[in-house]
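Shown next: query-v1.tsv, given as TSV, C-alpha atoms and all ligand atoms.
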chain	number	residue	atom	x	y	z
M	1	MET	CA	-108.23	77.34	107.54
M	2	ILE	CA	-105.89	80.29	107.14
M	3	LEU	CA	-102.17	79.84	106.76
M	4	THR	CA	-100.59	82.73	108.68
M	5	GLU	CA	-96.88	81.88	108.66
M	6	HIS	CA	-94.86	79.65	106.41
M	7	ARG	CA	-91.16	79.04	106.54
M	8	VAL	CA	-89.01	76.55	104.63
M	9	GLU	CA	-85.36	75.59	104.87
M	10	ASN	CA	-83.42	73.58	102.31
M	11	TYR	CA	-86.56	72.75	100.40
M	12	ARG	CA	-85.68	72.04	96.72
M	13	ASN	CA	-83.95	75.19	95.36
M	14	ILE	CA	-84.96	77.28	98.38
M	15	GLU	CA	-82.24	77.64	101.00
M	16	GLN	CA	-84.47	79.67	103.24
M	17	ALA	CA	-87.73	81.53	102.71
M	18	GLU	CA	-90.46	82.88	104.91
M	19	PHE	CA	-93.75	84.58	104.21
M	20	ARG	CA	-96.98	85.57	105.92
M	21	PRO	CA	-99.90	85.19	103.54
M	22	GLY	CA	-102.96	87.34	104.14
M	23	PRO	CA	-106.44	85.86	104.54
M	24	GLY	CA	-107.33	86.45	100.86
M	25	LEU	CA	-105.17	86.29	97.76
M	26	THR	CA	-101.40	85.93	97.77
M	27	VAL	CA	-99.49	85.87	94.49
M	28	LEU	CA	-96.11	84.23	94.02
M	29	CYS	CA	-94.62	85.58	90.83
M	30	GLY	CA	-91.32	85.22	89.05
M	31	ARG	CA	-89.72	83.89	85.91
M	32	ASN	CA	-89.66	80.19	84.95
M	33	GLY	CA	-87.66	77.86	87.13
M	34	GLN	CA	-87.22	80.22	90.09
M	35	GLY	CA	-89.01	78.17	92.76
M	36	LYS	CA	-92.66	79.34	92.75
M	37	THR	CA	-94.14	75.86	92.41
M	38	ASN	CA	-91.61	74.55	94.93
M	39	LEU	CA	-92.88	76.97	97.55
M	40	LEU	CA	-96.51	76.16	96.74
M	41	GLU	CA	-95.74	72.45	96.97
M	42	SER	CA	-94.22	72.96	100.43
M	43	VAL	CA	-97.55	74.45	101.58
M	44	TRP	CA	-99.43	71.50	100.09
M	45	LEU	CA	-97.36	69.05	102.16
M	46	LEU	CA	-98.99	70.47	105.32
M	47	SER	CA	-102.12	68.55	104.29
M	48	GLY	CA	-100.23	65.32	104.94
M	49	ALA	CA	-100.44	64.22	101.31
M	50	LYS	CA	-97.42	63.57	99.14
M	51	SER	CA	-96.09	65.92	96.47
M	52	PHE	CA	-98.64	66.69	93.74
M	53	ARG	CA	-95.77	66.45	91.27
M	54	GLY	CA	-95.24	62.80	92.07
M	55	SER	CA	-91.77	63.40	93.52
M	56	ARG	CA	-90.30	61.07	96.09
M	57	ASP	CA	-89.38	62.55	99.47
M	58	PRO	CA	-85.57	62.77	99.02
M	59	GLN	CA	-86.12	64.82	95.83
M	60	LEU	CA	-87.76	67.52	97.95
M	61	VAL	CA	-84.57	68.17	99.87
M	62	ARG	CA	-82.13	70.74	98.53
M	63	ARG	CA	-79.35	68.95	96.70
M	64	GLY	CA	-76.33	68.48	98.97
M	65	GLU	CA	-78.30	69.00	102.19
M	66	PRO	CA	-79.30	66.16	104.54
M	67	TYR	CA	-82.83	67.34	105.33
M	68	ALA	CA	-85.47	70.01	104.76
M	69	VAL	CA	-87.72	71.68	107.31
M	70	ILE	CA	-91.15	73.27	106.84
M	71	SER	CA	-92.58	75.17	109.80
M	72	SER	CA	-95.94	76.86	109.62
M	73	VAL	CA	-98.76	78.30	111.63
M	74	ALA	CA	-102.39	78.17	110.57
M	75	LYS	CA	-105.55	79.51	112.14
M	76	ARG	CA	-108.39	77.05	112.38
M	77	GLU	CA	-112.05	77.80	111.89
M	78	ASP	CA	-112.55	78.10	115.66
M	79	GLY	CA	-109.83	80.77	115.84
M	80	GLU	CA	-107.24	78.49	117.44
M	81	ALA	CA	-103.73	78.53	115.97
M	82	GLU	CA	-102.01	75.27	115.09
M	83	GLN	CA	-98.29	74.85	114.58
M	84	TYR	CA	-96.97	72.41	112.04
M	85	ARG	CA	-93.47	71.20	111.46
M	86	ILE	CA	-92.43	68.74	108.77
M	87	ILE	CA	-88.95	67.34	108.51
M	88	ILE	CA	-87.97	65.60	105.29
M	89	GLY	CA	-84.96	63.32	105.30
M	90	GLY	CA	-82.75	63.39	102.22
M	91	GLU	CA	-79.56	61.61	101.33
M	92	GLY	CA	-77.35	61.10	104.38
M	93	CYS	CA	-80.06	62.31	106.76
M	94	GLU	CA	-79.39	59.61	109.32
M	95	GLN	CA	-75.89	60.93	110.00
M	96	ALA	CA	-77.59	64.24	110.81
M	97	GLY	CA	-79.97	62.50	113.23
M	98	VAL	CA	-83.02	62.75	110.94
M	99	ARG	CA	-85.22	59.83	109.89
M	100	PRO	CA	-85.73	59.21	106.17
M	101	GLY	CA	-89.14	60.17	104.76
M	102	ARG	CA	-91.48	62.87	105.97
M	103	SER	CA	-92.15	63.17	109.69
M	104	ALA	CA	-94.34	65.73	111.37
M	105	GLN	CA	-95.06	67.56	114.59
M	106	LEU	CA	-98.29	69.24	115.54
M	107	ASP	CA	-98.05	71.90	118.27
M	108	GLY	CA	-94.67	70.46	119.23
M	109	VAL	CA	-95.99	66.90	119.62
M	110	ASP	CA	-94.46	64.17	117.49
M	111	LEU	CA	-97.01	62.69	115.07
M	112	GLY	CA	-94.73	60.17	113.38
M	113	ARG	CA	-95.37	60.02	109.64
M	114	ALA	CA	-96.50	63.25	108.01
M	115	THR	CA	-99.57	61.43	106.62
M	116	ASN	CA	-100.96	61.76	110.15
M	117	LEU	CA	-101.44	65.47	109.43
M	118	ALA	CA	-104.45	64.53	107.27
M	119	GLY	CA	-107.62	65.91	108.79
M	120	HIS	CA	-105.82	68.89	110.37
M	121	PHE	CA	-104.72	71.13	107.55
M	122	TYR	CA	-107.12	71.22	104.60
M	123	ALA	CA	-105.90	72.35	101.18
M	124	VAL	CA	-106.87	71.86	97.56
M	125	VAL	CA	-104.25	72.15	94.87
M	126	PHE	CA	-104.67	72.80	91.19
M	127	SER	CA	-101.61	72.39	88.98
M	128	PRO	CA	-101.13	71.82	85.25
M	129	ALA	CA	-100.89	68.08	85.99
M	130	HIS	CA	-104.55	68.14	87.07
M	131	LEU	CA	-105.55	68.73	83.46
M	132	GLU	CA	-105.19	64.96	83.27
M	133	LEU	CA	-108.53	64.83	85.08
M	134	VAL	CA	-110.10	65.90	81.81
M	135	ARG	CA	-107.52	64.88	79.21
M	136	GLY	CA	-106.31	61.61	80.68
M	137	GLY	CA	-107.72	58.13	81.10
M	138	PRO	CA	-110.19	56.93	83.76
M	139	GLU	CA	-107.54	55.91	86.26
M	140	GLY	CA	-106.76	59.51	87.23
M	141	ARG	CA	-110.45	60.26	87.72
M	142	ARG	CA	-110.84	57.23	90.00
M	143	ARG	CA	-107.79	58.33	91.97
M	144	PHE	CA	-109.36	61.76	92.32
M	145	VAL	CA	-112.61	60.50	93.84
M	146	ASP	CA	-110.96	57.87	96.02
M	147	ALA	CA	-108.47	60.41	97.45
M	148	ALA	CA	-111.31	62.84	98.18
M	149	LEU	CA	-113.36	60.15	99.92
M	150	MET	CA	-110.40	58.95	101.96
M	151	GLN	CA	-109.64	62.48	103.11
M	152	LEU	CA	-113.24	63.25	104.05
M	153	TYR	CA	-114.36	59.87	105.33
M	154	PRO	CA	-111.60	57.74	106.90
M	155	GLY	CA	-114.17	54.89	106.95
M	156	TYR	CA	-113.76	54.64	103.17
M	157	ILE	CA	-110.16	53.45	103.54
M	158	PRO	CA	-110.86	49.92	104.93
M	159	ILE	CA	-113.64	49.39	102.36
M	160	TYR	CA	-111.35	50.41	99.54
M	161	ARG	CA	-108.54	48.20	100.86
M	162	ARG	CA	-110.85	45.19	101.21
M	163	TYR	CA	-111.95	45.63	97.62
M	164	ILE	CA	-108.41	46.04	96.25
M	165	ARG	CA	-107.16	43.01	98.18
M	166	ALA	CA	-109.98	40.76	96.95
M	167	LEU	CA	-109.40	42.07	93.43
M	168	ALA	CA	-105.69	41.19	93.53
M	169	GLN	CA	-106.47	37.71	94.84
M	170	LYS	CA	-109.12	37.14	92.23
M	171	ASN	CA	-106.86	38.32	89.43
M	172	ALA	CA	-104.07	36.02	90.61
M	173	LEU	CA	-106.52	33.10	90.55
M	174	LEU	CA	-107.95	34.07	87.15
M	175	ARG	CA	-104.47	33.98	85.65
M	176	ASP	CA	-104.17	30.25	86.24
M	177	ALA	CA	-107.69	29.11	87.09
M	178	ARG	CA	-107.56	26.26	84.58
M	179	ARG	CA	-104.81	24.49	86.48
M	180	PHE	CA	-106.48	25.00	89.82
M	181	GLU	CA	-109.11	22.63	91.11
M	182	GLY	CA	-111.87	24.26	93.09
M	183	ALA	CA	-111.21	27.58	91.37
M	184	GLU	CA	-114.91	28.17	90.72
M	185	GLN	CA	-115.75	27.89	94.40
M	186	LEU	CA	-112.96	30.27	95.37
M	187	LEU	CA	-113.94	32.72	92.64
M	188	GLU	CA	-117.44	32.80	94.07
M	189	THR	CA	-116.03	33.71	97.51
M	190	PHE	CA	-113.99	36.56	96.04
M	191	ASP	CA	-116.99	37.74	94.06
M	192	GLN	CA	-119.06	38.00	97.25
M	193	THR	CA	-116.38	40.17	98.87
M	194	LEU	CA	-115.98	42.29	95.73
M	195	ALA	CA	-119.73	42.85	95.50
M	196	ALA	CA	-120.07	43.77	99.20
M	197	ALA	CA	-117.12	46.18	99.29
M	198	GLY	CA	-117.71	47.35	95.71
M	199	GLY	CA	-121.38	48.07	96.38
M	200	GLU	CA	-120.36	50.30	99.28
M	201	MET	CA	-117.80	52.07	97.08
M	202	ILE	CA	-120.45	52.74	94.45
M	203	ARG	CA	-122.83	54.10	97.08
M	204	ARG	CA	-120.21	56.46	98.52
M	205	ARG	CA	-118.83	57.58	95.17
M	206	GLY	CA	-122.38	58.22	93.98
M	207	ALA	CA	-123.25	60.31	97.03
M	208	TYR	CA	-120.04	62.34	96.78
M	209	PHE	CA	-120.42	62.91	93.03
M	210	ALA	CA	-124.00	64.05	93.39
M	211	GLY	CA	-122.88	67.09	95.41
M	212	LEU	CA	-119.60	67.59	93.57
M	213	PHE	CA	-120.98	67.53	90.03
M	214	GLU	CA	-123.73	70.00	90.80
M	215	LEU	CA	-121.20	72.45	92.24
M	216	ALA	CA	-118.76	71.84	89.38
M	217	ALA	CA	-121.38	72.44	86.68
M	218	GLU	CA	-122.45	75.63	88.44
M	219	THR	CA	-118.84	76.81	88.72
M	220	TYR	CA	-118.23	76.11	85.04
M	221	ASP	CA	-121.36	78.01	84.17
M	222	ASN	CA	-120.02	81.04	86.04
M	223	LEU	CA	-116.52	80.72	84.55
M	224	ALA	CA	-117.89	80.63	81.03
M	225	ALA	CA	-120.51	83.27	81.84
M	226	GLY	CA	-123.17	80.93	80.49
M	227	SER	CA	-121.65	80.77	77.01
M	228	GLU	CA	-121.40	76.98	77.17
M	229	ARG	CA	-122.52	74.20	79.45
M	230	CYS	CA	-120.40	71.56	81.08
M	231	SER	CA	-121.91	68.42	82.55
M	232	PHE	CA	-120.41	65.66	84.65
M	233	THR	CA	-121.93	62.19	84.83
M	234	TYR	CA	-120.94	59.25	87.00
M	235	LEU	CA	-120.79	55.94	85.14
M	236	PRO	CA	-121.16	53.33	87.91
M	237	SER	CA	-120.41	49.68	87.20
M	238	ALA	CA	-123.76	48.69	88.73
M	239	GLU	CA	-126.61	50.20	90.68
M	240	ASP	CA	-125.74	48.59	94.01
M	241	GLY	CA	-123.97	45.61	95.60
M	242	GLU	CA	-126.62	43.12	94.57
M	243	ALA	CA	-126.66	44.23	90.96
M	244	LEU	CA	-122.86	44.28	90.99
M	245	LEU	CA	-122.75	40.64	92.11
M	246	ASP	CA	-125.02	39.71	89.20
M	247	ARG	CA	-122.80	41.59	86.78
M	248	ILE	CA	-119.60	40.06	88.17
M	249	ARG	CA	-121.06	36.55	87.96
M	250	ALA	CA	-122.23	37.13	84.42
M	251	ALA	CA	-118.76	38.35	83.48
M	252	ARG	CA	-116.99	35.23	84.75
M	253	PRO	CA	-116.47	33.57	81.34
M	254	ALA	CA	-115.09	36.86	80.02
M	255	ASP	CA	-112.90	37.22	83.11
M	256	LEU	CA	-111.53	33.71	82.65
M	257	ARG	CA	-110.71	34.47	79.04
M	258	ALA	CA	-109.14	37.83	79.84
M	259	GLY	CA	-107.27	36.57	82.90
M	260	PHE	CA	-108.43	39.52	85.02
M	261	CYS	CA	-111.58	40.90	86.56
M	262	THR	CA	-113.34	43.00	83.92
M	263	VAL	CA	-116.24	44.50	85.91
M	264	GLY	CA	-116.45	46.64	89.02
M	265	PRO	CA	-115.54	49.96	90.66
M	266	HIS	CA	-111.89	49.51	89.55
M	267	ARG	CA	-113.09	50.06	85.97
M	268	GLU	CA	-115.48	52.94	86.59
M	269	ASP	CA	-115.27	56.44	85.20
M	270	PHE	CA	-117.17	59.69	85.02
M	271	LYS	CA	-117.75	61.58	81.82
M	272	ILE	CA	-117.26	65.26	81.21
M	273	GLU	CA	-119.15	66.90	78.38
M	274	ILE	CA	-119.08	70.46	77.08
M	275	ASN	CA	-122.22	71.33	75.16
M	276	GLY	CA	-122.92	67.63	74.87
M	277	ALA	CA	-119.54	66.65	73.35
M	278	ASP	CA	-116.85	64.67	75.15
M	279	ALA	CA	-114.47	67.23	76.70
M	280	ARG	CA	-111.51	64.87	76.39
M	281	SER	CA	-111.68	64.60	72.62
M	282	PHE	CA	-113.42	67.81	71.62
M	283	GLY	CA	-112.70	70.42	74.31
M	284	SER	CA	-110.33	73.31	73.60
M	285	GLN	CA	-107.37	73.80	75.95
M	286	GLY	CA	-109.12	76.62	77.77
M	287	GLN	CA	-112.32	74.58	78.04
M	288	GLN	CA	-110.47	71.56	79.40
M	289	ARG	CA	-108.67	73.76	81.90
M	290	SER	CA	-111.97	75.34	82.93
M	291	ALA	CA	-113.56	71.91	83.44
M	292	ALA	CA	-110.64	70.63	85.56
M	293	LEU	CA	-110.61	73.86	87.54
M	294	SER	CA	-114.37	73.65	88.12
M	295	LEU	CA	-113.94	70.16	89.56
M	296	LYS	CA	-111.19	71.40	91.87
M	297	LEU	CA	-113.16	74.44	93.04
M	298	ALA	CA	-116.13	72.16	93.64
M	299	GLU	CA	-113.89	69.84	95.64
M	300	ALA	CA	-112.95	72.79	97.86
M	301	ARG	CA	-116.61	73.60	98.44
M	302	GLN	CA	-117.34	69.96	99.27
M	303	ILE	CA	-114.58	69.99	101.90
M	304	ALA	CA	-115.99	73.17	103.41
M	305	ARG	CA	-119.44	71.62	103.46
M	306	ILE	CA	-118.50	68.21	104.82
M	307	ALA	CA	-115.47	68.85	107.01
M	308	GLY	CA	-116.61	72.31	108.07
M	309	SER	CA	-113.21	73.77	107.25
M	310	GLU	CA	-112.55	76.10	104.33
M	311	PRO	CA	-109.48	74.64	102.58
M	312	VAL	CA	-106.58	76.80	101.45
M	313	MET	CA	-106.60	76.94	97.63
M	314	LEU	CA	-103.22	76.45	95.99
M	315	LEU	CA	-103.36	77.38	92.33
M	316	ASP	CA	-100.26	76.67	90.27
M	317	ASP	CA	-100.07	78.43	86.90
M	318	VAL	CA	-103.82	78.51	86.67
M	319	LEU	CA	-104.15	81.74	84.72
M	320	SER	CA	-102.42	80.68	81.54
M	321	GLU	CA	-104.86	79.68	78.79
M	322	LEU	CA	-107.79	81.39	80.52
M	323	ASP	CA	-109.22	84.42	78.78
M	324	GLU	CA	-109.64	87.70	80.66
M	325	ARG	CA	-113.25	87.10	81.58
M	326	ARG	CA	-112.48	83.70	83.08
M	327	ARG	CA	-109.52	85.15	84.97
M	328	ASP	CA	-111.63	87.95	86.38
M	329	PHE	CA	-114.28	85.52	87.48
M	330	LEU	CA	-111.72	83.25	89.11
M	331	LEU	CA	-109.96	86.05	90.97
M	332	GLY	CA	-113.31	87.48	92.05
M	333	ARG	CA	-114.58	84.08	93.04
M	334	ILE	CA	-111.85	83.44	95.51
M	335	GLN	CA	-112.74	86.29	97.78
M	336	GLY	CA	-113.65	85.04	101.22
M	337	ARG	CA	-111.15	82.23	101.17
M	338	GLN	CA	-107.41	82.01	101.22
M	339	VAL	CA	-105.73	81.50	97.89
M	340	ILE	CA	-102.06	81.22	97.06
M	341	LEU	CA	-101.45	81.51	93.35
M	342	THR	CA	-98.30	81.29	91.23
M	343	SER	CA	-97.92	83.22	88.01
M	344	CYS	CA	-95.25	84.28	85.56
M	345	GLU	CA	-97.24	87.40	84.72
M	346	ALA	CA	-97.12	89.63	87.75
M	347	ALA	CA	-98.18	92.67	85.74
M	348	ALA	CA	-101.63	91.18	85.14
M	349	LEU	CA	-102.14	90.97	88.88
M	350	HIS	CA	-100.90	94.33	90.10
M	351	ASP	CA	-104.36	95.69	90.81
M	352	THR	CA	-105.43	92.70	92.87
M	353	PRO	CA	-106.00	93.42	96.55
M	354	GLY	CA	-103.67	90.68	97.77
M	355	GLY	CA	-99.99	90.53	98.60
M	356	ILE	CA	-97.47	89.89	95.83
M	357	TRP	CA	-94.19	88.11	96.41
M	358	GLU	CA	-91.45	87.59	93.90
M	359	MET	CA	-89.39	84.44	93.71
M	360	GLU	CA	-85.94	84.67	92.20
M	361	ASP	CA	-83.47	81.82	92.32
M	362	GLY	CA	-85.09	80.43	95.45
M	363	ARG	CA	-85.17	83.80	97.22
M	364	LEU	CA	-88.47	85.38	98.15
M	365	ARG	CA	-89.22	89.08	98.57
M	366	GLN	CA	-92.44	90.98	98.99
M	367	VAL	CA	-93.21	93.45	96.21
M	368	GLN	CA	-96.72	94.55	97.19
J	401	LIG	N1	-83.97	69.00	95.33
J	401	LIG	C1	-83.61	70.12	94.67
J	401	LIG	N2	-82.49	70.78	95.00
J	401	LIG	C2	-82.14	71.90	94.34
J	401	LIG	N3	-82.87	72.46	93.35
J	401	LIG	C3	-84.00	71.83	93.00
J	401	LIG	C4	-84.44	70.65	93.63
J	401	LIG	N4	-85.61	70.26	93.08
J	401	LIG	C5	-85.89	71.17	92.12
J	401	LIG	N5	-84.93	72.12	92.06
J	401	LIG	C6	-84.87	73.28	91.16
J	401	LIG	O1	-86.02	74.07	91.32
J	401	LIG	C7	-86.26	74.78	90.10
J	401	LIG	C8	-87.70	74.68	89.66
J	401	LIG	O2	-88.49	75.37	90.54
J	401	LIG	P1	-90.05	75.48	90.29
J	401	LIG	O3	-90.59	74.29	89.65
J	401	LIG	O4	-90.63	75.90	91.59
J	401	LIG	O5	-90.06	76.69	89.25
J	401	LIG	P2	-91.22	77.71	88.94
J	401	LIG	O6	-90.81	79.04	89.49
J	401	LIG	O7	-92.52	77.17	89.37
J	401	LIG	O8	-91.12	77.78	87.36
J	401	LIG	P3	-92.26	77.73	86.19
J	401	LIG	O9	-92.73	79.14	86.04
J	401	LIG	O10	-91.49	77.28	85.03
J	401	LIG	O11	-93.31	76.79	86.62
J	401	LIG	C9	-85.39	74.14	89.03
J	401	LIG	O12	-84.34	75.01	88.72
J	401	LIG	C10	-84.90	72.87	89.71
J	401	LIG	O13	-83.61	72.51	89.27
J	402	MG	MG	-94.07	76.30	88.32
Can I see the file as C-alpha cells?
Amino acid sequence: MILTEHRVENYRNIEQAEFRPGPGLTVLCGRNGQGKTNLLESVWLLSGAKSFRGSRDPQLVRRGEPYAVISSVAKREDGEAEQYRIIIGGEGCEQAGVRPGRSAQLDGVDLGRATNLAGHFYAVVFSPAHLELVRGGPEGRRRFVDAALMQLYPGYIPIYRRYIRALAQKNALLRDARRFEGAEQLLETFDQTLAAAGGEMIRRRGAYFAGLFELAAETYDNLAAGSERCSFTYLPSAEDGEALLDRIRAARPADLRAGFCTVGPHREDFKIEINGADARSFGSQGQQRSAALSLKLAEARQIARIAGSEPVMLLDDVLSELDERRRDFLLGRIQGRQVILTSCEAAALHDTPGGIWEMEDGRLRQVQ
C-alpha cells in the first residue's frame, strides 16, 4: 500500500493542505501544536478506524465549519490505484447537506459508514498513547489483539460479539442470582456459550501472538543491538474451550460472591519482560517505548504476511526518548515500506533520503 496523494479540507486546525508522499520516508516537522499529528491522524482515518486519539467525529472538523473532507489516492500491491474520500460531519452539517459521522466513498462509489473502508487501506499507527500497551493495564493489551484480529479476520467479530453478549447476560444474572430461581441452570447455559466462544478466542489469540511475539522480540533485539532482551508471553485463561469450561464452572462460587464473571478471555493479558523483569514496573522510558514500538512494527509485518498488503506506517513523535542508535536502526529499518513520521526536530532528519514537509499553523510546505 502506497499513499500517493493526500488532501484535507477543514480538518482540525488545517483549512487546506495537500501533499504527495514518496514511497519511502516522509517527515512532517514543525513546532508543537502546529498540526503535524492532525495531518497524520487524517491519513489514519483512511483505514476505516476511528481516531487513535480517542476523539469523537465532530471534534475532527475545523471549529466553525460544518464538515471536513479527506481525499486521497493510494496504490495497491497489484499496482492499481484506489481513490478514497471521507466526509466528516460536524456541528450544523445537516444544513450543509452532509450526514453526521464519517462517511466514505471508494473510487467514487458510496460505501456508507467509513468503517467499511476496513480491508482496503492498511495502516499501522504508533503514537505516544500506544505506550499504554506497555505501561497500562491489561485492558489496552486485549483491545490491541482484538482489534488486530478483527481487522485481519472478519470471522473473529461474530465470535467476539457472542462472547461479550453472553458475558453481559451472565454478569447481569450474577448480580442478583440469589433472588432468581433457576439461576444455576441458566448460568450453566451461559457458561457453555462462554466456553465455546471463549475457546475459539483463545485459539485465535494464541495463533496470532505466536507469530507476533516472535517478530516483536526480534525487532526489539535489533533496536537494542542485542544489549538487552525483551520477551512477550501470552497468559491465556485456559488451554482450550474444554479446559475453559472446567475453569469457569470451578469459579462459580467465586463469581457468585464477586457478582461478576472472574475467569475467561475478558481477563487475559500478555506479559512483557526486559531481561526477565516486568517492563511495566521496571523498564526505563526508552525501553518501554522500544517494547511498544517493537509490537507495532511486528503488527505491521503480520499484516503484510497475512493480508498480503504492506501497511503504511504512521509514526507520531516516535523519535523522542530513543537514543541515536535506536533512531538509526528505526530509520534504516523502514526502508522498503512507506513511513510518514512526525517530529519536532527536523534538523536530526535532514540527511534522510525522504521528503520533509513543515507544518506551521495548519499550513503545509515542502522543505526538502
Ligand atoms: N477541531 C479543531 N478545530 C480547530 N483547531 C483544532 C481542532 N482540533 C484541534 N485543533 C488544534 O490543533 C492543534 C494541535 O495540532 P496537533 O496535535 O496536530 O499538533 P502537533 O503539531 O502534532 O504538536 P506536538 O508537536 O505538540 O505534538 C491545537 O492548536 C488545537 O487547538
Ligand atoms: Mg503531535
Selection as an MDAnalysis selection string: residues within 8 Å of ligand LIG 401 (chain J) by only C-alpha atoms and all ligand atoms: chainID M and resid 10:14 29:40 58:64 316:317 342:344 359:362
Residue neighbourhood segment 296-305 of chain M, 8 Å, all atoms listed in the file, exclusion window fewer than 3 positions, as a list in words: Ala123, Val124, Val125, Phe126, Ala148, Leu152, Gly211, Leu212, Phe213, Leu215, Ala216, Thr219, Ala292, Leu293, Gly308, Ser309, Glu310, Pro311 and Met313 of chain M
Best match for closeness to ligand MG 402 (chain J) among M:Pro23, M:Ser127, M:Leu46, M:Cys261, counting only C-alpha atoms and all ligand atoms: M:Ser127
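Among the candidates M:Leu330, M:Ala183, M:Val312, M:Ala168, the residue lying nearest to Tyr220 of chain M is M:Leu330 (atoms considered: only C-alpha atoms).
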Answer as a count of residues only, residues within 7 Å of (-98.3, 62.3, 105.7) using only C-alpha atoms: 10
Top pick for closest residue to ligand MG 402 (chain J), considering M:Gly22, M:Pro128, M:Gly90, M:Gly140 and counting only C-alpha atoms and all ligand atoms: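 Distance minimum relative to ligand MG 402 (chain J) lands on M:Pro128.
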Using all atoms listed in the file: which of M:Leu349, M:Ala195, M:Ala279, M:Leu28 has the shortest distance to ligand MG 402 (chain J):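 Among the listed residues, the smallest separation from ligand MG 402 (chain J) belongs to M:Leu28.
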One-decimal distance in Å that lies between atom CA of Glu41 of chain M and atom CA of Tyr156 of chain M: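 Taking atom CA of Tyr156 of chain M as the start and atom CA of Glu41 of chain M as the end point, the length is 26.1 Å.
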Nearest-residue call for ligand MG 402 (chain J), choices M:Gln368, M:Ile70, M:Cys93, M:Val318, using all atoms listed in the file: M:Val318
Thr26 of chain M environment, 8 Å, only C-alpha atoms, sequence neighbours closer than 6 positions dropped, as a PyMOL selection string: chain M and resi 338-341+354-357
Long-range neighbours of segment 237-245 of chain M as JSON, numbers by chain, 12 Å cut-off, all atoms listed in the file, 4 positions minimum in chain: {"M": [187, 188, 189, 190, 191, 192, 193, 194, 195, 196, 197, 198, 199, 200, 201, 202, 203, 204, 205, 206, 249, 250, 251, 252, 262, 263, 264, 265, 266, 267, 268, 269, 270]}
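Among the candidates M:Leu131, M:Met150, M:Val145, M:Leu186, the one nearest to Tyr234 of chain M when counting all atoms listed in the file is M:Val145.
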Distance in Å - atom CA of Glu5 of chain M versus atom CA of Glu18 of chain M: 7.5 Å
Atom pair atom CA of Cys230 of chain M / atom CA of Arg333 of chain M: separation (Å): 18.3 Å
